[in-house]
Amino acid sequence: MFIDTRLLAPIATCIGIVISIILWFLNQHRKELSYMVLERHPVLNLKGAARNQLDIRFDGHSILDSYLIVVRIFNRGHLPVNVSDYQTAMFVGLNPGAEILAASVIETIPADLEDRIKSKRPEAVLIEKIVQERIFLTPILLNPGDSVTLQLLARNTAGAVAVHGHVQGIKRITCWREKRMWTKILTYSGAMVMAFAMLGVQPSDIIEFSLEHILPWVLIFLIGLVLLTAGIYWPKSAESMSLQAAN
């Protein structure tokens, strides 16, 4: 029993619509906090004998082997993270034994994010305290797309960074890495659909110019072309653009 080729294109279209609706529904109920390291490099790249003759200090501490790190924490889900959601304080942590010499907030989205805290507690700031290798942040409402970018100067570290905290509805605060899985799936699927459509056309149909047999395969080929084009030109995320701009 064979399926009429004229039904393949409508069936493929319906499947694509159903999958899109399911993915949209799932994403609308996703709560997620992530972080990304925008910069992580030694303060001084000087090597050789000249390095031993140099002495650079910050607040009385030598920074010859220090790292400058810029990390962004952001809400990449579709639900807000409320102040009441924080079960423990969220903090940026380096490796054990590291020493944070300085830390500051260099950017927030929206720009008045810190004012939300000050409206309730005028003396409060986003960076609540610094304890050894940890920077503790004051709990704050983070709507979807909101972010806090921190810059820190630390020594006795190789630049390893992690963000921790127990937030209701979130298993863990993840390190963001661009995933191009969907672009690969679209690209490969499109190529396979196009190849399948070309194999379905018989040479005799082309010679006789039989539109009744050719047209369904042409429609399937066009669907594959749309999938392939979407995979190739899928736009990069805002996080990826920010990371490229920082580098």
# chains A, B, ... in the order shown; residues from 1 in each chain; ligands from 1
>>> residues_around(residues="A:Tyr35", least_positions_apart="2", cutoff="12 Å", atoms="only C-alpha atoms", output="VMD selection string")
chain A and resid 32 to 33 37 to 38 70 to 76 90 to 93 146 to 150 161 to 165 172 to 178 239 243
>>> select_by_dssp(residues="stretch 60-158 of chain A", states="strand (DSSP E)", output="PyMOL selection string")
chain A and resi 61-62+67-75+90-93+99-109+127-131+134-137+147-155
>>> residues_around(residues="A:Leu228", least_positions_apart="6", cutoff="7 Å", atoms="only C-alpha atoms", output="list in words")
Leu186, Thr187, Gly190 and Ala191 of chain A
>>> select_by_dssp(residues="stretch 67-227 of chain A", states="alpha helix (DSSP H)", output="ChimeraX atom specification")
/A:113-118,181-200,203-208,211-227
>>> write_last_selection(atoms="N, CA and C atoms", output="compact mmCIF listing (two decimals), in the first residue's frame")
# COMPACT_ATOMS: atom_id res chain seq x y z
N LEU A 113 17.93 48.84 36.79
CA LEU A 113 17.68 47.60 37.54
C LEU A 113 18.03 47.76 39.03
N GLU A 114 19.13 48.44 39.31
CA GLU A 114 19.54 48.61 40.71
C GLU A 114 18.58 49.51 41.47
N ASP A 115 17.88 50.39 40.76
CA ASP A 115 16.92 51.28 41.42
C ASP A 115 15.74 50.51 42.00
N ARG A 116 15.49 49.30 41.46
CA ARG A 116 14.40 48.49 42.01
C ARG A 116 14.71 48.10 43.46
N ILE A 117 15.99 47.88 43.73
CA ILE A 117 16.39 47.53 45.09
C ILE A 117 16.34 48.76 45.98
N LYS A 118 16.88 49.86 45.48
CA LYS A 118 16.97 51.08 46.28
C LYS A 118 15.60 51.66 46.60
N MET A 181 21.78 23.26 17.40
CA MET A 181 21.20 21.97 17.06
C MET A 181 20.08 22.12 16.05
N TRP A 182 19.20 23.10 16.30
CA TRP A 182 18.06 23.26 15.39
C TRP A 182 18.51 23.66 14.00
N THR A 183 19.55 24.46 13.90
CA THR A 183 20.03 24.83 12.56
C THR A 183 20.57 23.62 11.82
N LYS A 184 21.25 22.73 12.53
CA LYS A 184 21.75 21.51 11.89
C LYS A 184 20.61 20.60 11.47
N ILE A 185 19.61 20.47 12.35
CA ILE A 185 18.46 19.62 12.03
C ILE A 185 17.74 20.15 10.79
N LEU A 186 17.52 21.47 10.76
CA LEU A 186 16.84 22.06 9.61
C LEU A 186 17.65 21.89 8.33
N THR A 187 18.96 22.13 8.42
CA THR A 187 19.81 22.04 7.24
C THR A 187 19.84 20.62 6.68
N TYR A 188 20.11 19.65 7.56
CA TYR A 188 20.19 18.26 7.10
C TYR A 188 18.83 17.74 6.64
N SER A 189 17.78 18.11 7.37
CA SER A 189 16.44 17.66 6.97
C SER A 189 16.06 18.23 5.60
N GLY A 190 16.37 19.50 5.41
CA GLY A 190 16.07 20.12 4.12
C GLY A 190 16.80 19.46 2.98
N ALA A 191 18.09 19.15 3.19
CA ALA A 191 18.86 18.48 2.14
C ALA A 191 18.30 17.10 1.83
N MET A 192 17.90 16.37 2.88
CA MET A 192 17.35 15.03 2.67
C MET A 192 16.01 15.08 1.95
N VAL A 193 15.16 16.05 2.32
CA VAL A 193 13.86 16.18 1.66
C VAL A 193 14.05 16.54 0.19
N MET A 194 14.99 17.43 -0.10
CA MET A 194 15.25 17.80 -1.49
C MET A 194 15.76 16.60 -2.29
N ALA A 195 16.66 15.82 -1.69
CA ALA A 195 17.17 14.62 -2.37
C ALA A 195 16.06 13.62 -2.60
N PHE A 196 15.19 13.44 -1.58
CA PHE A 196 14.07 12.52 -1.71
C PHE A 196 13.14 12.95 -2.84
N ALA A 197 12.90 14.27 -2.94
CA ALA A 197 12.01 14.78 -3.99
C ALA A 197 12.61 14.56 -5.37
N MET A 198 13.92 14.75 -5.50
CA MET A 198 14.55 14.55 -6.81
C MET A 198 14.53 13.09 -7.22
N LEU A 199 14.69 12.19 -6.26
CA LEU A 199 14.65 10.76 -6.56
C LEU A 199 13.25 10.29 -6.93
N GLY A 200 12.23 11.03 -6.47
CA GLY A 200 10.86 10.62 -6.74
C GLY A 200 10.39 10.92 -8.14
N PRO A 203 12.39 9.90 -14.92
CA PRO A 203 12.82 10.55 -16.18
C PRO A 203 11.71 10.63 -17.21
N SER A 204 10.87 9.61 -17.25
CA SER A 204 9.78 9.61 -18.23
C SER A 204 8.80 10.74 -17.96
N ASP A 205 8.61 11.08 -16.68
CA ASP A 205 7.70 12.18 -16.35
C ASP A 205 8.23 13.51 -16.86
N ILE A 206 9.56 13.65 -16.80
CA ILE A 206 10.17 14.90 -17.28
C ILE A 206 10.08 14.98 -18.80
N ILE A 207 10.35 13.85 -19.47
CA ILE A 207 10.30 13.83 -20.94
C ILE A 207 8.89 14.11 -21.44
N GLU A 208 7.92 13.48 -20.78
CA GLU A 208 6.53 13.67 -21.20
C GLU A 208 5.92 14.93 -20.60
N LEU A 211 2.80 17.06 -15.59
CA LEU A 211 2.68 17.92 -14.41
C LEU A 211 1.98 17.21 -13.26
N GLU A 212 1.06 16.32 -13.59
CA GLU A 212 0.32 15.62 -12.55
C GLU A 212 1.24 14.82 -11.63
N HIS A 213 2.33 14.26 -12.20
CA HIS A 213 3.26 13.48 -11.42
C HIS A 213 4.42 14.32 -10.88
N ILE A 214 4.79 15.38 -11.61
CA ILE A 214 5.96 16.18 -11.23
C ILE A 214 5.62 17.17 -10.12
N LEU A 215 4.44 17.81 -10.22
CA LEU A 215 4.10 18.91 -9.31
C LEU A 215 4.18 18.54 -7.83
N PRO A 216 3.65 17.38 -7.37
CA PRO A 216 3.79 17.04 -5.94
C PRO A 216 5.24 16.97 -5.48
N TRP A 217 6.11 16.44 -6.33
CA TRP A 217 7.52 16.34 -5.96
C TRP A 217 8.19 17.71 -5.95
N VAL A 218 7.72 18.60 -6.83
CA VAL A 218 8.24 19.97 -6.83
C VAL A 218 7.88 20.67 -5.52
N LEU A 219 6.64 20.44 -5.05
CA LEU A 219 6.21 21.04 -3.78
C LEU A 219 7.05 20.51 -2.62
N ILE A 220 7.32 19.20 -2.64
CA ILE A 220 8.15 18.61 -1.59
C ILE A 220 9.56 19.18 -1.67
N PHE A 221 10.08 19.34 -2.88
CA PHE A 221 11.42 19.92 -3.05
C PHE A 221 11.47 21.34 -2.48
N LEU A 222 10.41 22.11 -2.72
CA LEU A 222 10.39 23.49 -2.22
C LEU A 222 10.33 23.51 -0.69
N ILE A 223 9.62 22.56 -0.10
CA ILE A 223 9.60 22.47 1.37
C ILE A 223 11.00 22.20 1.89
N GLY A 224 11.71 21.28 1.23
CA GLY A 224 13.09 21.00 1.62
C GLY A 224 13.98 22.22 1.46
N LEU A 225 13.75 22.98 0.39
CA LEU A 225 14.54 24.19 0.17
C LEU A 225 14.30 25.22 1.27
N VAL A 226 13.05 25.33 1.72
CA VAL A 226 12.73 26.26 2.81
C VAL A 226 13.43 25.84 4.09
N LEU A 227 13.41 24.53 4.39
CA LEU A 227 14.09 24.02 5.59
C LEU A 227 15.59 24.27 5.50
>>> residues_around(residues="A:Ile127", least_positions_apart="3", cutoff="12 Å", atoms="only C-alpha atoms", output="list in words")
Ala89, Met90, Phe91, Val92, Ala102, Ala103, Ser104, Val105, Ile106, Glu114, Ile117, Glu123, Ala124, Ile130, Val131, Arg134, Ile135, Phe136, Leu137, Thr138, Pro139, Ile140, Val148, Thr149, Leu150, Gln151 and Leu152 of chain A
>>> atom_distance(atom1="atom CA of A:Ile100", atom2="atom CA of A:Gln132")
6.5 Å
>>> atom_distance(atom1="atom CA of A:Gly145", atom2="atom CA of A:Val83")
16.1 Å
>>> closest_residue(among="A:Lys120, A:His61, A:Arg40, A:Arg30", to="A:Gly77", atoms="only C-alpha atoms")
A:Arg30
>>> atom_distance(atom1="atom CA of A:Pro122", atom2="atom CA of A:Leu79")
27.1 Å
>>> closest_residue(among="A:Leu141, A:Ala98, A:Val81, A:Ile170", to="A:Pro110", atoms="only C-alpha atoms")
A:Leu141
>>> decode(residues="stretch 154-199 of chain A", atoms="N, CA and C atoms", output="short mmCIF file (atom, residue, chain, number, x, y, z; two decimals), in the first residue's frame")
data_model
loop_
_atom_site.label_atom_id
_atom_site.label_comp_id
_atom_site.auth_asym_id
_atom_site.auth_seq_id
_atom_site.Cartn_x
_atom_site.Cartn_y
_atom_site.Cartn_z
N ALA A 154 40.67 39.54 39.92
CA ALA A 154 40.97 38.48 40.88
C ALA A 154 42.37 37.93 40.64
N ARG A 155 42.97 37.44 41.69
CA ARG A 155 44.27 36.79 41.59
C ARG A 155 44.19 35.38 42.16
N ASN A 156 45.25 34.62 41.94
CA ASN A 156 45.29 33.20 42.33
C ASN A 156 44.17 32.42 41.67
N THR A 157 43.90 32.74 40.42
CA THR A 157 42.86 32.06 39.67
C THR A 157 43.28 31.90 38.22
N ALA A 158 42.75 30.87 37.59
CA ALA A 158 42.97 30.67 36.15
C ALA A 158 41.80 31.21 35.35
N GLY A 159 40.90 31.89 36.02
CA GLY A 159 39.76 32.49 35.32
C GLY A 159 38.51 31.65 35.29
N ALA A 160 38.49 30.52 36.01
CA ALA A 160 37.29 29.69 36.04
C ALA A 160 36.18 30.41 36.78
N VAL A 161 34.97 30.42 36.21
CA VAL A 161 33.85 31.16 36.78
C VAL A 161 32.61 30.26 36.80
N ALA A 162 31.83 30.36 37.86
CA ALA A 162 30.55 29.66 37.94
C ALA A 162 29.58 30.49 38.75
N VAL A 163 28.31 30.38 38.44
CA VAL A 163 27.27 31.10 39.18
C VAL A 163 26.38 30.06 39.84
N HIS A 164 26.17 30.23 41.14
CA HIS A 164 25.41 29.26 41.92
C HIS A 164 24.25 29.95 42.63
N GLY A 165 23.27 29.16 42.98
CA GLY A 165 22.13 29.67 43.71
C GLY A 165 20.97 28.72 43.58
N HIS A 166 20.18 28.64 44.63
CA HIS A 166 18.99 27.79 44.62
C HIS A 166 17.79 28.67 44.36
N VAL A 167 17.24 28.55 43.14
CA VAL A 167 16.11 29.39 42.74
C VAL A 167 14.92 28.48 42.45
N GLN A 168 13.79 28.82 43.01
CA GLN A 168 12.59 28.00 42.84
C GLN A 168 12.21 27.90 41.37
N GLY A 169 11.97 26.66 40.92
CA GLY A 169 11.58 26.43 39.54
C GLY A 169 12.74 26.27 38.57
N ILE A 170 13.98 26.39 39.08
CA ILE A 170 15.17 26.25 38.23
C ILE A 170 16.09 25.21 38.84
N LYS A 171 16.44 24.20 38.07
CA LYS A 171 17.31 23.14 38.59
C LYS A 171 18.68 23.67 38.93
N ARG A 172 19.25 24.45 38.02
CA ARG A 172 20.56 25.06 38.29
C ARG A 172 20.77 26.22 37.33
N ILE A 173 21.64 27.11 37.70
CA ILE A 173 21.99 28.24 36.85
C ILE A 173 23.05 27.75 35.87
N THR A 174 22.72 27.74 34.61
CA THR A 174 23.57 27.11 33.60
C THR A 174 24.49 28.11 32.92
N CYS A 175 25.63 27.61 32.51
CA CYS A 175 26.55 28.41 31.69
C CYS A 175 26.06 28.37 30.25
N TRP A 176 25.77 29.53 29.69
CA TRP A 176 25.19 29.58 28.36
C TRP A 176 26.23 29.26 27.30
N ARG A 177 25.86 28.37 26.42
CA ARG A 177 26.65 28.08 25.23
C ARG A 177 25.69 28.01 24.05
N GLU A 178 26.07 28.65 22.99
CA GLU A 178 25.17 28.68 21.85
C GLU A 178 24.98 27.27 21.29
N LYS A 179 23.73 26.87 21.20
CA LYS A 179 23.41 25.57 20.64
C LYS A 179 22.79 25.76 19.26
N ARG A 180 23.46 25.22 18.28
CA ARG A 180 22.99 25.32 16.91
C ARG A 180 22.36 24.02 16.44
N MET A 181 21.78 23.26 17.40
CA MET A 181 21.20 21.97 17.06
C MET A 181 20.08 22.12 16.05
N TRP A 182 19.20 23.10 16.30
CA TRP A 182 18.06 23.26 15.39
C TRP A 182 18.51 23.66 14.00
N THR A 183 19.55 24.46 13.90
CA THR A 183 20.03 24.83 12.56
C THR A 183 20.57 23.62 11.82
N LYS A 184 21.25 22.73 12.53
CA LYS A 184 21.75 21.51 11.89
C LYS A 184 20.61 20.60 11.47
N ILE A 185 19.61 20.47 12.35
CA ILE A 185 18.46 19.62 12.03
C ILE A 185 17.74 20.15 10.79
N LEU A 186 17.52 21.47 10.76
CA LEU A 186 16.84 22.06 9.61
C LEU A 186 17.65 21.89 8.33
N THR A 187 18.96 22.13 8.42
CA THR A 187 19.81 22.04 7.24
C THR A 187 19.84 20.62 6.68
N TYR A 188 20.11 19.65 7.56
CA TYR A 188 20.19 18.26 7.10
C TYR A 188 18.83 17.74 6.64
N SER A 189 17.78 18.11 7.37
CA SER A 189 16.44 17.66 6.97
C SER A 189 16.06 18.23 5.60
N GLY A 190 16.37 19.50 5.41
CA GLY A 190 16.07 20.12 4.12
C GLY A 190 16.80 19.46 2.98
N ALA A 191 18.09 19.15 3.19
CA ALA A 191 18.86 18.48 2.14
C ALA A 191 18.30 17.10 1.83
N MET A 192 17.90 16.37 2.88
CA MET A 192 17.35 15.03 2.67
C MET A 192 16.01 15.08 1.95
N VAL A 193 15.16 16.05 2.32
CA VAL A 193 13.86 16.18 1.66
C VAL A 193 14.05 16.54 0.19
N MET A 194 14.99 17.43 -0.10
CA MET A 194 15.25 17.80 -1.49
C MET A 194 15.76 16.60 -2.29
N ALA A 195 16.66 15.82 -1.69
CA ALA A 195 17.17 14.62 -2.37
C ALA A 195 16.06 13.62 -2.60
N PHE A 196 15.19 13.44 -1.58
CA PHE A 196 14.07 12.52 -1.71
C PHE A 196 13.14 12.95 -2.84
N ALA A 197 12.90 14.27 -2.94
CA ALA A 197 12.01 14.78 -3.99
C ALA A 197 12.61 14.56 -5.37
N MET A 198 13.92 14.75 -5.50
CA MET A 198 14.55 14.55 -6.81
C MET A 198 14.53 13.09 -7.22
N LEU A 199 14.69 12.19 -6.26
CA LEU A 199 14.65 10.76 -6.56
C LEU A 199 13.25 10.29 -6.93
#
